[in-house]
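File shown here: protein_8.pdb, holding PDB, C-alpha atoms, pLDDT in the B column.
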```pdb
MODEL        1
ATOM      1  CA  MET J 116     -80.864 -28.976-103.149  1.00 41.00           C
ATOM      2  CA  GLU J 117     -78.841 -27.628-100.246  1.00 35.00           C
ATOM      3  CA  GLN J 118     -75.739 -25.841-101.453  1.00 38.00           C
ATOM      4  CA  PRO J 119     -72.299 -26.530 -99.946  1.00 37.00           C
ATOM      5  CA  ILE J 120     -71.018 -23.924 -97.517  1.00 34.00           C
ATOM      6  CA  ALA J 121     -68.729 -21.349 -99.103  1.00 38.00           C
ATOM      7  CA  GLY J 122     -65.018 -22.027 -98.751  1.00 39.00           C
ATOM      8  CA  THR J 123     -64.171 -19.469 -96.056  1.00 34.00           C
ATOM      9  CA  ALA J 124     -67.122 -20.389 -93.850  1.00 34.00           C
ATOM     10  CA  ALA J 125     -66.434 -24.095 -94.218  1.00 34.00           C
ATOM     11  CA  ARG J 126     -62.800 -23.699 -93.278  1.00 35.00           C
ATOM     12  CA  SER J 127     -63.700 -21.714 -90.147  1.00 35.00           C
ATOM     13  CA  ARG J 128     -66.575 -23.934 -89.007  1.00 38.00           C
ATOM     14  CA  VAL J 129     -64.958 -27.374 -88.860  1.00 38.00           C
ATOM     15  CA  PRO J 130     -62.045 -26.496 -86.515  1.00 42.00           C
ATOM     16  CA  LEU J 131     -64.456 -24.734 -84.162  1.00 37.00           C
ATOM     17  CA  GLN J 132     -66.687 -27.801 -83.929  1.00 52.00           C
ATOM     18  CA  ARG J 133     -63.722 -30.114 -83.398  1.00 55.00           C
ATOM     19  CA  HIS J 134     -62.252 -27.819 -80.747  1.00 65.00           C
ATOM     20  CA  SER J 135     -65.606 -27.744 -78.940  1.00 83.00           C
ATOM     21  CA  VAL J 136     -65.828 -31.553 -78.878  1.00 87.00           C
ATOM     22  CA  ARG J 137     -62.250 -31.907 -77.639  1.00 87.00           C
ATOM     23  CA  ARG J 138     -62.864 -29.371 -74.903  1.00 88.00           C
ATOM     24  CA  GLN J 139     -66.028 -31.140 -73.773  1.00 91.00           C
ATOM     25  CA  ILE J 140     -64.213 -34.482 -73.692  1.00 93.00           C
ATOM     26  CA  LEU J 141     -61.305 -32.905 -71.810  1.00 92.00           C
ATOM     27  CA  GLU J 142     -63.625 -31.553 -69.122  1.00 88.00           C
ATOM     28  CA  ALA J 143     -65.467 -34.882 -68.899  1.00 91.00           C
ATOM     29  CA  LEU J 144     -62.183 -36.752 -68.466  1.00 92.00           C
ATOM     30  CA  ARG J 145     -61.002 -34.282 -65.828  1.00 88.00           C
ATOM     31  CA  SER J 146     -64.213 -34.798 -63.896  1.00 85.00           C
ATOM     32  CA  ALA J 147     -63.891 -38.590 -64.194  1.00 88.00           C
ATOM     33  CA  LEU J 148     -60.326 -38.418 -62.892  1.00 88.00           C
ATOM     34  CA  ILE J 149     -61.230 -36.200 -59.959  1.00 83.00           C
ATOM     35  CA  GLN J 150     -64.242 -38.328 -59.031  1.00 79.00           C
ATOM     36  CA  GLY J 151     -62.184 -41.511 -59.190  1.00 80.00           C
ATOM     37  CA  GLU J 152     -64.144 -42.998 -62.100  1.00 86.00           C
ATOM     38  CA  LEU J 153     -60.807 -43.524 -63.848  1.00 89.00           C
ATOM     39  CA  ALA J 154     -58.686 -45.417 -61.350  1.00 87.00           C
ATOM     40  CA  PRO J 155     -55.016 -44.621 -60.600  1.00 88.00           C
ATOM     41  CA  GLY J 156     -52.693 -47.187 -62.158  1.00 90.00           C
ATOM     42  CA  GLU J 157     -55.267 -48.406 -64.667  1.00 93.00           C
ATOM     43  CA  VAL J 158     -54.680 -48.158 -68.441  1.00 96.00           C
ATOM     44  CA  TYR J 159     -57.467 -46.840 -70.666  1.00 96.00           C
ATOM     45  CA  SER J 160     -57.468 -46.897 -74.458  1.00 95.00           C
ATOM     46  CA  ALA J 161     -58.706 -43.960 -76.509  1.00 94.00           C
ATOM     47  CA  PRO J 162     -61.142 -46.135 -78.529  1.00 94.00           C
ATOM     48  CA  ALA J 163     -62.721 -47.521 -75.344  1.00 93.00           C
ATOM     49  CA  LEU J 164     -63.143 -44.061 -73.862  1.00 93.00           C
ATOM     50  CA  ALA J 165     -64.441 -42.760 -77.190  1.00 93.00           C
ATOM     51  CA  GLU J 166     -67.155 -45.428 -77.146  1.00 92.00           C
ATOM     52  CA  ARG J 167     -68.041 -44.432 -73.610  1.00 90.00           C
ATOM     53  CA  PHE J 168     -68.522 -40.794 -74.647  1.00 88.00           C
ATOM     54  CA  GLY J 169     -70.059 -41.534 -78.034  1.00 90.00           C
ATOM     55  CA  VAL J 170     -67.389 -39.750 -80.075  1.00 91.00           C
ATOM     56  CA  SER J 171     -64.495 -40.673 -82.336  1.00 92.00           C
ATOM     57  CA  ALA J 172     -61.138 -41.606 -80.833  1.00 93.00           C
ATOM     58  CA  THR J 173     -59.374 -38.508 -82.185  1.00 93.00           C
ATOM     59  CA  PRO J 174     -60.696 -35.885 -79.694  1.00 93.00           C
ATOM     60  CA  VAL J 175     -60.181 -38.390 -76.869  1.00 94.00           C
ATOM     61  CA  ARG J 176     -56.524 -38.897 -77.842  1.00 94.00           C
ATOM     62  CA  GLU J 177     -56.027 -35.135 -78.073  1.00 94.00           C
ATOM     63  CA  ALA J 178     -57.607 -34.588 -74.657  1.00 94.00           C
ATOM     64  CA  MET J 179     -55.576 -37.402 -73.091  1.00 94.00           C
ATOM     65  CA  GLN J 180     -52.373 -35.974 -74.568  1.00 94.00           C
ATOM     66  CA  GLN J 181     -53.157 -32.677 -72.844  1.00 92.00           C
ATOM     67  CA  LEU J 182     -53.828 -34.501 -69.583  1.00 93.00           C
ATOM     68  CA  ALA J 183     -50.478 -36.266 -70.002  1.00 93.00           C
ATOM     69  CA  GLY J 184     -48.834 -32.853 -70.253  1.00 88.00           C
ATOM     70  CA  GLU J 185     -50.574 -31.866 -67.019  1.00 85.00           C
ATOM     71  CA  GLY J 186     -49.304 -34.981 -65.263  1.00 86.00           C
ATOM     72  CA  ALA J 187     -52.715 -36.608 -64.832  1.00 90.00           C
ATOM     73  CA  VAL J 188     -51.953 -39.590 -67.071  1.00 93.00           C
ATOM     74  CA  GLU J 189     -48.937 -41.118 -68.778  1.00 94.00           C
ATOM     75  CA  VAL J 190     -48.725 -42.533 -72.274  1.00 94.00           C
ATOM     76  CA  VAL J 191     -48.417 -46.323 -72.559  1.00 95.00           C
ATOM     77  CA  PRO J 192     -47.239 -47.087 -76.129  1.00 93.00           C
ATOM     78  CA  ASN J 193     -49.650 -49.240 -78.137  1.00 90.00           C
ATOM     79  CA  ARG J 194     -52.043 -49.520 -75.202  1.00 93.00           C
ATOM     80  CA  GLY J 195     -53.371 -46.120 -74.212  1.00 94.00           C
ATOM     81  CA  PHE J 196     -52.982 -43.967 -71.116  1.00 95.00           C
ATOM     82  CA  ARG J 197     -52.296 -44.936 -67.514  1.00 95.00           C
ATOM     83  CA  VAL J 198     -53.853 -42.799 -64.782  1.00 93.00           C
ATOM     84  CA  ALA J 199     -51.097 -41.373 -62.609  1.00 89.00           C
ATOM     85  CA  ARG J 200     -50.739 -42.259 -58.953  1.00 85.00           C
ATOM     86  CA  ARG J 201     -50.199 -39.440 -56.463  1.00 80.00           C
ATOM     87  CA  SER J 202     -48.297 -40.307 -53.307  1.00 81.00           C
ATOM     88  CA  ALA J 203     -48.636 -38.282 -50.122  1.00 81.00           C
ATOM     89  CA  ARG J 204     -45.049 -37.120 -50.642  1.00 88.00           C
ATOM     90  CA  GLU J 205     -45.782 -35.836 -54.158  1.00 86.00           C
ATOM     91  CA  LEU J 206     -48.815 -33.908 -52.935  1.00 85.00           C
ATOM     92  CA  ALA J 207     -46.805 -32.411 -50.078  1.00 88.00           C
ATOM     93  CA  GLU J 208     -44.061 -31.371 -52.509  1.00 91.00           C
ATOM     94  CA  LEU J 209     -46.584 -29.748 -54.835  1.00 90.00           C
ATOM     95  CA  ALA J 210     -48.116 -27.849 -51.917  1.00 90.00           C
ATOM     96  CA  GLU J 211     -44.653 -26.682 -50.863  1.00 92.00           C
ATOM     97  CA  VAL J 212     -43.786 -25.447 -54.353  1.00 94.00           C
ATOM     98  CA  ARG J 213     -47.124 -23.646 -54.645  1.00 93.00           C
ATOM     99  CA  ALA J 214     -46.501 -21.960 -51.296  1.00 93.00           C
ATOM    100  CA  LEU J 215     -43.019 -20.848 -52.346  1.00 94.00           C
ATOM    101  CA  LEU J 216     -44.546 -19.279 -55.447  1.00 94.00           C
ATOM    102  CA  GLU J 217     -47.795 -17.816 -54.183  1.00 94.00           C
ATOM    103  CA  VAL J 218     -47.141 -16.713 -50.588  1.00 94.00           C
ATOM    104  CA  PRO J 219     -44.668 -13.912 -51.443  1.00 95.00           C
ATOM    105  CA  VAL J 220     -46.882 -12.770 -54.321  1.00 96.00           C
ATOM    106  CA  VAL J 221     -49.963 -12.510 -52.127  1.00 96.00           C
ATOM    107  CA  LEU J 222     -47.992 -10.656 -49.441  1.00 95.00           C
ATOM    108  CA  ALA J 223     -46.748  -8.189 -52.046  1.00 95.00           C
ATOM    109  CA  LEU J 224     -50.300  -7.696 -53.291  1.00 96.00           C
ATOM    110  CA  ALA J 225     -51.489  -7.086 -49.726  1.00 95.00           C
ATOM    111  CA  GLU J 226     -49.163  -4.095 -49.547  1.00 93.00           C
ATOM    112  CA  SER J 227     -49.653  -2.727 -53.053  1.00 94.00           C
ATOM    113  CA  VAL J 228     -53.272  -3.326 -54.078  1.00 94.00           C
ATOM    114  CA  ASP J 229     -55.884  -0.778 -53.107  1.00 92.00           C
ATOM    115  CA  PRO J 230     -58.085  -2.351 -50.393  1.00 89.00           C
ATOM    116  CA  GLY J 231     -61.228  -1.580 -52.362  1.00 88.00           C
ATOM    117  CA  ARG J 232     -60.156  -3.825 -55.246  1.00 92.00           C
ATOM    118  CA  TRP J 233     -60.490  -6.967 -53.174  1.00 94.00           C
ATOM    119  CA  ALA J 234     -64.279  -6.652 -53.400  1.00 94.00           C
ATOM    120  CA  ALA J 235     -64.028  -7.785 -57.033  1.00 95.00           C
ATOM    121  CA  LEU J 236     -62.843 -11.187 -55.817  1.00 96.00           C
ATOM    122  CA  ARG J 237     -65.796 -11.688 -53.456  1.00 95.00           C
ATOM    123  CA  PRO J 238     -67.971 -13.385 -56.104  1.00 96.00           C
ATOM    124  CA  PHE J 239     -65.235 -15.977 -56.680  1.00 96.00           C
ATOM    125  CA  ALA J 240     -64.987 -16.740 -52.967  1.00 96.00           C
ATOM    126  CA  GLU J 241     -68.763 -16.842 -52.527  1.00 95.00           C
ATOM    127  CA  ALA J 242     -69.202 -19.189 -55.508  1.00 96.00           C
ATOM    128  CA  THR J 243     -66.550 -21.485 -54.067  1.00 95.00           C
ATOM    129  CA  ALA J 244     -68.334 -21.555 -50.708  1.00 95.00           C
ATOM    130  CA  LEU J 245     -71.692 -22.428 -52.291  1.00 96.00           C
ATOM    131  CA  ILE J 246     -70.181 -25.260 -54.329  1.00 96.00           C
ATOM    132  CA  ALA J 247     -68.302 -26.573 -51.294  1.00 95.00           C
ATOM    133  CA  ALA J 248     -71.577 -26.835 -49.383  1.00 96.00           C
ATOM    134  CA  ARG J 249     -72.911 -29.145 -52.117  1.00 94.00           C
ATOM    135  CA  GLY J 250     -69.954 -31.489 -51.687  1.00 91.00           C
ATOM    136  CA  ASP J 251     -69.223 -31.505 -55.432  1.00 88.00           C
ATOM    137  CA  ARG J 252     -65.441 -32.009 -55.453  1.00 87.00           C
ATOM    138  CA  ALA J 253     -65.013 -31.689 -59.229  1.00 85.00           C
ATOM    139  CA  ALA J 254     -66.908 -28.387 -59.395  1.00 89.00           C
ATOM    140  CA  TYR J 255     -65.219 -27.178 -56.218  1.00 92.00           C
ATOM    141  CA  LEU J 256     -61.725 -27.712 -57.607  1.00 90.00           C
ATOM    142  CA  GLU J 257     -62.570 -25.716 -60.732  1.00 90.00           C
ATOM    143  CA  SER J 258     -64.026 -22.910 -58.613  1.00 94.00           C
ATOM    144  CA  ASP J 259     -60.980 -22.992 -56.326  1.00 94.00           C
ATOM    145  CA  ARG J 260     -58.686 -22.645 -59.341  1.00 93.00           C
ATOM    146  CA  ALA J 261     -60.740 -19.706 -60.601  1.00 95.00           C
ATOM    147  CA  PHE J 262     -60.316 -17.931 -57.261  1.00 96.00           C
ATOM    148  CA  HIS J 263     -56.552 -18.430 -57.242  1.00 96.00           C
ATOM    149  CA  GLN J 264     -56.291 -17.313 -60.873  1.00 96.00           C
ATOM    150  CA  ALA J 265     -58.191 -14.114 -60.122  1.00 96.00           C
ATOM    151  CA  LEU J 266     -56.088 -13.453 -57.026  1.00 97.00           C
ATOM    152  CA  LEU J 267     -52.727 -13.959 -58.728  1.00 97.00           C
ATOM    153  CA  GLY J 268     -53.942 -12.142 -61.812  1.00 96.00           C
ATOM    154  CA  LEU J 269     -53.794  -8.899 -59.827  1.00 96.00           C
ATOM    155  CA  ALA J 270     -49.998  -9.196 -59.935  1.00 96.00           C
ATOM    156  CA  GLY J 271     -50.138  -8.537 -63.684  1.00 95.00           C
ATOM    157  CA  ASN J 272     -47.801 -11.422 -64.493  1.00 96.00           C
ATOM    158  CA  GLU J 273     -49.399 -13.789 -67.004  1.00 96.00           C
ATOM    159  CA  GLN J 274     -46.612 -16.375 -66.761  1.00 96.00           C
ATOM    160  CA  LEU J 275     -47.041 -16.515 -62.991  1.00 96.00           C
ATOM    161  CA  VAL J 276     -50.733 -17.318 -63.398  1.00 96.00           C
ATOM    162  CA  ILE J 277     -50.013 -20.032 -65.991  1.00 95.00           C
ATOM    163  CA  ILE J 278     -47.324 -21.741 -63.905  1.00 95.00           C
ATOM    164  CA  ALA J 279     -49.315 -21.514 -60.668  1.00 95.00           C
ATOM    165  CA  ASP J 280     -52.405 -22.905 -62.391  1.00 93.00           C
ATOM    166  CA  ASP J 281     -50.425 -25.848 -63.799  1.00 90.00           C
ATOM    167  CA  LEU J 282     -49.155 -26.676 -60.295  1.00 91.00           C
ATOM    168  CA  HIS J 283     -52.694 -26.341 -58.963  1.00 91.00           C
ATOM    169  CA  ARG J 284     -54.026 -28.837 -61.510  1.00 86.00           C
ATOM    170  CA  ARG J 285     -51.235 -31.313 -60.796  1.00 86.00           C
ATOM    171  CA  ALA J 286     -52.158 -31.216 -57.115  1.00 84.00           C
ATOM    172  CA  GLN J 287     -55.746 -32.239 -57.961  1.00 79.00           C
ATOM    173  CA  TRP J 288     -55.178 -35.551 -59.797  1.00 69.00           C
ATOM    174  CA  PRO J 289     -56.695 -37.970 -58.561  1.00 66.00           C
ATOM    175  CA  LEU J 290     -57.483 -39.243 -55.079  1.00 64.00           C
ATOM    176  CA  ALA J 291     -55.490 -42.197 -53.789  1.00 62.00           C
ATOM    177  CA  PRO J 292     -57.398 -45.501 -53.522  1.00 62.00           C
ATOM    178  CA  GLY J 293     -59.681 -45.405 -50.502  1.00 65.00           C
ATOM    179  CA  GLU J 294     -59.161 -41.673 -49.984  1.00 69.00           C
ATOM    180  CA  THR J 295     -62.209 -39.435 -49.685  1.00 72.00           C
ATOM    181  CA  VAL J 296     -62.826 -35.727 -49.288  1.00 77.00           C
ATOM    182  CA  ARG J 297     -65.555 -34.736 -46.867  1.00 87.00           C
ATOM    183  CA  THR J 298     -67.936 -31.879 -47.564  1.00 92.00           C
ATOM    184  CA  ALA J 299     -66.786 -30.349 -44.264  1.00 94.00           C
ATOM    185  CA  ASP J 300     -63.212 -30.238 -45.606  1.00 91.00           C
ATOM    186  CA  LEU J 301     -64.332 -28.389 -48.744  1.00 93.00           C
ATOM    187  CA  VAL J 302     -66.376 -25.939 -46.673  1.00 95.00           C
ATOM    188  CA  ALA J 303     -63.407 -25.235 -44.386  1.00 93.00           C
ATOM    189  CA  ASP J 304     -61.123 -24.701 -47.368  1.00 92.00           C
ATOM    190  CA  ALA J 305     -63.604 -22.305 -48.982  1.00 94.00           C
ATOM    191  CA  ALA J 306     -63.940 -20.357 -45.723  1.00 95.00           C
ATOM    192  CA  GLU J 307     -60.209 -19.639 -45.871  1.00 94.00           C
ATOM    193  CA  HIS J 308     -60.753 -17.742 -49.131  1.00 95.00           C
ATOM    194  CA  VAL J 309     -63.299 -15.435 -47.497  1.00 94.00           C
ATOM    195  CA  ALA J 310     -61.081 -14.907 -44.445  1.00 96.00           C
ATOM    196  CA  LEU J 311     -58.130 -14.127 -46.711  1.00 96.00           C
ATOM    197  CA  LEU J 312     -60.071 -11.443 -48.577  1.00 96.00           C
ATOM    198  CA  ASP J 313     -61.080  -9.882 -45.251  1.00 95.00           C
ATOM    199  CA  ALA J 314     -57.441  -9.768 -44.145  1.00 95.00           C
ATOM    200  CA  LEU J 315     -56.289  -8.400 -47.504  1.00 95.00           C
ATOM    201  CA  ALA J 316     -58.900  -5.641 -47.423  1.00 94.00           C
ATOM    202  CA  ALA J 317     -57.747  -4.737 -43.894  1.00 93.00           C
ATOM    203  CA  ARG J 318     -54.076  -4.934 -44.952  1.00 93.00           C
ATOM    204  CA  ASP J 319     -53.404  -7.176 -41.990  1.00 94.00           C
ATOM    205  CA  LEU J 320     -50.177  -8.693 -43.289  1.00 93.00           C
ATOM    206  CA  ALA J 321     -49.657 -11.016 -40.329  1.00 94.00           C
ATOM    207  CA  VAL J 322     -53.074 -12.605 -40.781  1.00 95.00           C
ATOM    208  CA  VAL J 323     -52.650 -12.732 -44.577  1.00 95.00           C
ATOM    209  CA  GLU J 324     -49.372 -14.617 -44.271  1.00 93.00           C
ATOM    210  CA  SER J 325     -50.768 -16.987 -41.649  1.00 93.00           C
ATOM    211  CA  LEU J 326     -53.868 -17.775 -43.728  1.00 94.00           C
ATOM    212  CA  VAL J 327     -51.988 -18.357 -46.972  1.00 93.00           C
ATOM    213  CA  ARG J 328     -49.382 -20.596 -45.345  1.00 90.00           C
ATOM    214  CA  GLU J 329     -52.074 -22.602 -43.522  1.00 90.00           C
ATOM    215  CA  HIS J 330     -54.009 -22.910 -46.785  1.00 87.00           C
ATOM    216  CA  PHE J 331     -51.089 -24.612 -48.491  1.00 84.00           C
ATOM    217  CA  ALA J 332     -50.138 -26.614 -45.410  1.00 80.00           C
ATOM    218  CA  GLY J 333     -53.541 -28.258 -45.628  1.00 66.00           C
ATOM    219  CA  ALA J 334     -53.484 -28.631 -49.414  1.00 62.00           C
ATOM    220  CA  HIS J 335     -51.880 -32.079 -49.318  1.00 50.00           C
TER     221      HIS J 335
ENDMDL
END
```
Would it be possible to restate this file's structure as structure tokens?
Amino acid sequence: MEQPIAGTAARSRVPLQRHSVRRQILEALRSALIQGELAPGEVYSAPALAERFGVSATPVREAMQQLAGEGAVEVVPNRGFRVARRSARELAELAEVRALLEVPVVLALAESVDPGRWAALRPFAEATALIAARGDRAAYLESDRAFHQALLGLAGNEQLVIIADDLHRRAQWPLAPGETVRTADLVADAAEHVALLDALAARDLAVVESLVREHFAGAH
């Protein structure tokens, strides 16, 4: 007869499995939001989504609560979660706030970081460009976030990275009804990352500032 797992092992295993399921559901929900499979303004119940993913309602509720904290959905008591609507004004405001936060940081990094260190960010920019060419918006947005995290991480300020990443996520949810993102738009956005690294390596502050400001001007 199979023996029960010893106490310490059992206590450590269950939370890890539950965390893994919640994380998988969270990523699946994020992808569904970005792709427009969960429509803005619509209310979805945790049990219904749980049935869709073949899991219990608990990890779905936990994932949706996290998405509510990120501004992607809002809680509707006794009903579930309503997918947030993003107006053009909200997206423009988010882009403006991100620019106010990130532009001065990137300019400071351009002056202080050794030019050779920018090569470490090339793989992030190249990965983003490859994904953009496939037209996969969900994967592109994750890759784009990874690039910005790596870039801002050079400032050595963990709170800056956390706040900037939260703003970045909020700017991603979800497309307005009828709105689409062309592959050409993703490719152009990814190209700005490569151009920015070139300017940073050359310490061309004028070009760096122009590229970063244009990047956020087009973010909405």
So what do you get for atom CA of Arg260 of chain J versus atom CA of Ala225 of chain J, distance-wise?
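Between atom CA of Arg260 of chain J and atom CA of Ala225 of chain J the gap is 19.7 Å.
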Hey, what comes out of the PyMOL selection byres ((chain J and resi 269) around 10) on this file? Could you write it as number ranges by chain?
J: 220-221, 224, 228, 232-233, 264-268, 270-273, 276
Residue IDs satisfying the PyMOL selection byres ((chain J and resi 252) around 8), as a list in words:
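Applied to this file, the PyMOL selection byres ((chain J and resi 252) around 8) selects Ile149, Gln150, Ala247, Gly250, Asp251, Ala253, Ala254, Tyr255, Leu256, Val296 and Leu301 of chain J.
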Rounded to one decimal in Å, what is the spacing between atom CA of Met179 of chain J and atom CA of Leu216 of chain J?
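Taking atom CA of Met179 of chain J as the start and atom CA of Leu216 of chain J as the end point, the length is 27.6 Å.
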Kindly indicate which residue among J:Arg137, J:Ser202, J:Ala310, J:Ala143 lies nearest to Arg176 of chain J, using all atoms listed in the file for the distances.
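Smallest distance to Arg176 of chain J is found for J:Arg137.
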Take the PyMOL selection byres ((chain J and resi 279) around 9), run it mentally on this structure, and tell me the resulting residues as a ChimeraX atom specification.
/J:213,216-217,263-264,267,274-278,280-284
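Take atom CA of Val158 of chain J and atom CA of Arg200 of chain J: the distance between them is 11.8 Å.
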Return the single residue from J:Glu157, J:Pro162, J:Leu209, J:Ser258 that is closest to Val191 of chain J, with distances computed using only C-alpha atoms.
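For Val191 of chain J, the nearest of the given residues is J:Glu157.
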Hey, which of J:Leu236, J:Val136, J:Val175, J:Ala242 ends up closest to Leu311 of chain J? Count all atoms listed in the file.
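The closest residue to Leu311 of chain J is J:Leu236.
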With all atoms listed in the file as the basis for distance, which of J:Asp313, J:Ala183, J:Ser135, J:Glu152 is at the shortest distance from Arg237 of chain J?
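Selected residue with least distance to Arg237 of chain J: J:Asp313.
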Set up a box along x, y and z of the file covering all listed atoms of segment 236-248 of chain J, add 8 Å on every one of the six sides, and write the centre and edge lengths in Å to one decimal, as JSON.
```
{"center_x": -67.3, "center_y": -19.0, "center_z": -53.0, "size_x": 24.8, "size_y": 31.6, "size_z": 23.3}
```
Reconstruct all heavy atoms of segment 177-184 of chain J from the incomplete input and present them as a CSV table (one decimal), in the frame of the given file.
```csv
chain,number,residue,atom,x,y,z
J,177,GLU,N,-56.5,-36.5,-78.2
J,177,GLU,CA,-56.0,-35.1,-78.1
J,177,GLU,C,-56.2,-34.7,-76.6
J,177,GLU,O,-55.3,-34.0,-76.1
J,177,GLU,CB,-56.8,-34.2,-79.0
J,177,GLU,CG,-56.4,-34.4,-80.5
J,177,GLU,CD,-57.3,-33.6,-81.4
J,177,GLU,OE1,-58.3,-33.1,-81.0
J,177,GLU,OE2,-56.9,-33.5,-82.6
J,178,ALA,N,-57.4,-35.0,-76.0
J,178,ALA,CA,-57.6,-34.6,-74.7
J,178,ALA,C,-56.7,-35.3,-73.7
J,178,ALA,O,-56.1,-34.7,-72.8
J,178,ALA,CB,-59.1,-34.9,-74.3
J,179,MET,N,-56.5,-36.6,-74.0
J,179,MET,CA,-55.6,-37.4,-73.1
J,179,MET,C,-54.1,-36.9,-73.2
J,179,MET,O,-53.4,-37.0,-72.2
J,179,MET,CB,-55.7,-38.9,-73.4
J,179,MET,CG,-57.0,-39.5,-73.1
J,179,MET,SD,-57.4,-39.5,-71.3
J,179,MET,CE,-56.7,-41.0,-70.7
J,180,GLN,N,-53.7,-36.5,-74.4
J,180,GLN,CA,-52.4,-36.0,-74.6
J,180,GLN,C,-52.2,-34.7,-73.7
J,180,GLN,O,-51.1,-34.5,-73.1
J,180,GLN,CB,-52.1,-35.7,-76.0
J,180,GLN,CG,-51.9,-36.9,-76.9
J,180,GLN,CD,-50.6,-37.6,-76.7
J,180,GLN,OE1,-49.7,-37.2,-75.9
J,180,GLN,NE2,-50.4,-38.8,-77.3
J,181,GLN,N,-53.2,-33.9,-73.7
J,181,GLN,CA,-53.2,-32.7,-72.8
J,181,GLN,C,-53.1,-33.1,-71.4
J,181,GLN,O,-52.3,-32.5,-70.6
J,181,GLN,CB,-54.4,-31.8,-73.1
J,181,GLN,CG,-54.3,-30.5,-72.2
J,181,GLN,CD,-55.3,-29.4,-72.7
J,181,GLN,OE1,-55.7,-29.4,-73.9
J,181,GLN,NE2,-55.6,-28.5,-71.8
J,182,LEU,N,-53.9,-34.0,-71.0
J,182,LEU,CA,-53.8,-34.5,-69.6
J,182,LEU,C,-52.5,-35.1,-69.2
J,182,LEU,O,-52.0,-35.0,-68.1
J,182,LEU,CB,-54.9,-35.5,-69.3
J,182,LEU,CG,-56.4,-35.0,-69.3
J,182,LEU,CD1,-57.4,-36.1,-69.3
J,182,LEU,CD2,-56.6,-34.0,-68.2
J,183,ALA,N,-51.8,-35.7,-70.2
J,183,ALA,CA,-50.5,-36.3,-70.0
J,183,ALA,C,-49.5,-35.1,-69.7
J,183,ALA,O,-48.6,-35.2,-68.9
J,183,ALA,CB,-50.0,-37.1,-71.2
J,184,GLY,N,-49.7,-34.0,-70.5
J,184,GLY,CA,-48.8,-32.9,-70.3
J,184,GLY,C,-49.1,-32.2,-68.9
J,184,GLY,O,-48.2,-31.6,-68.3
```
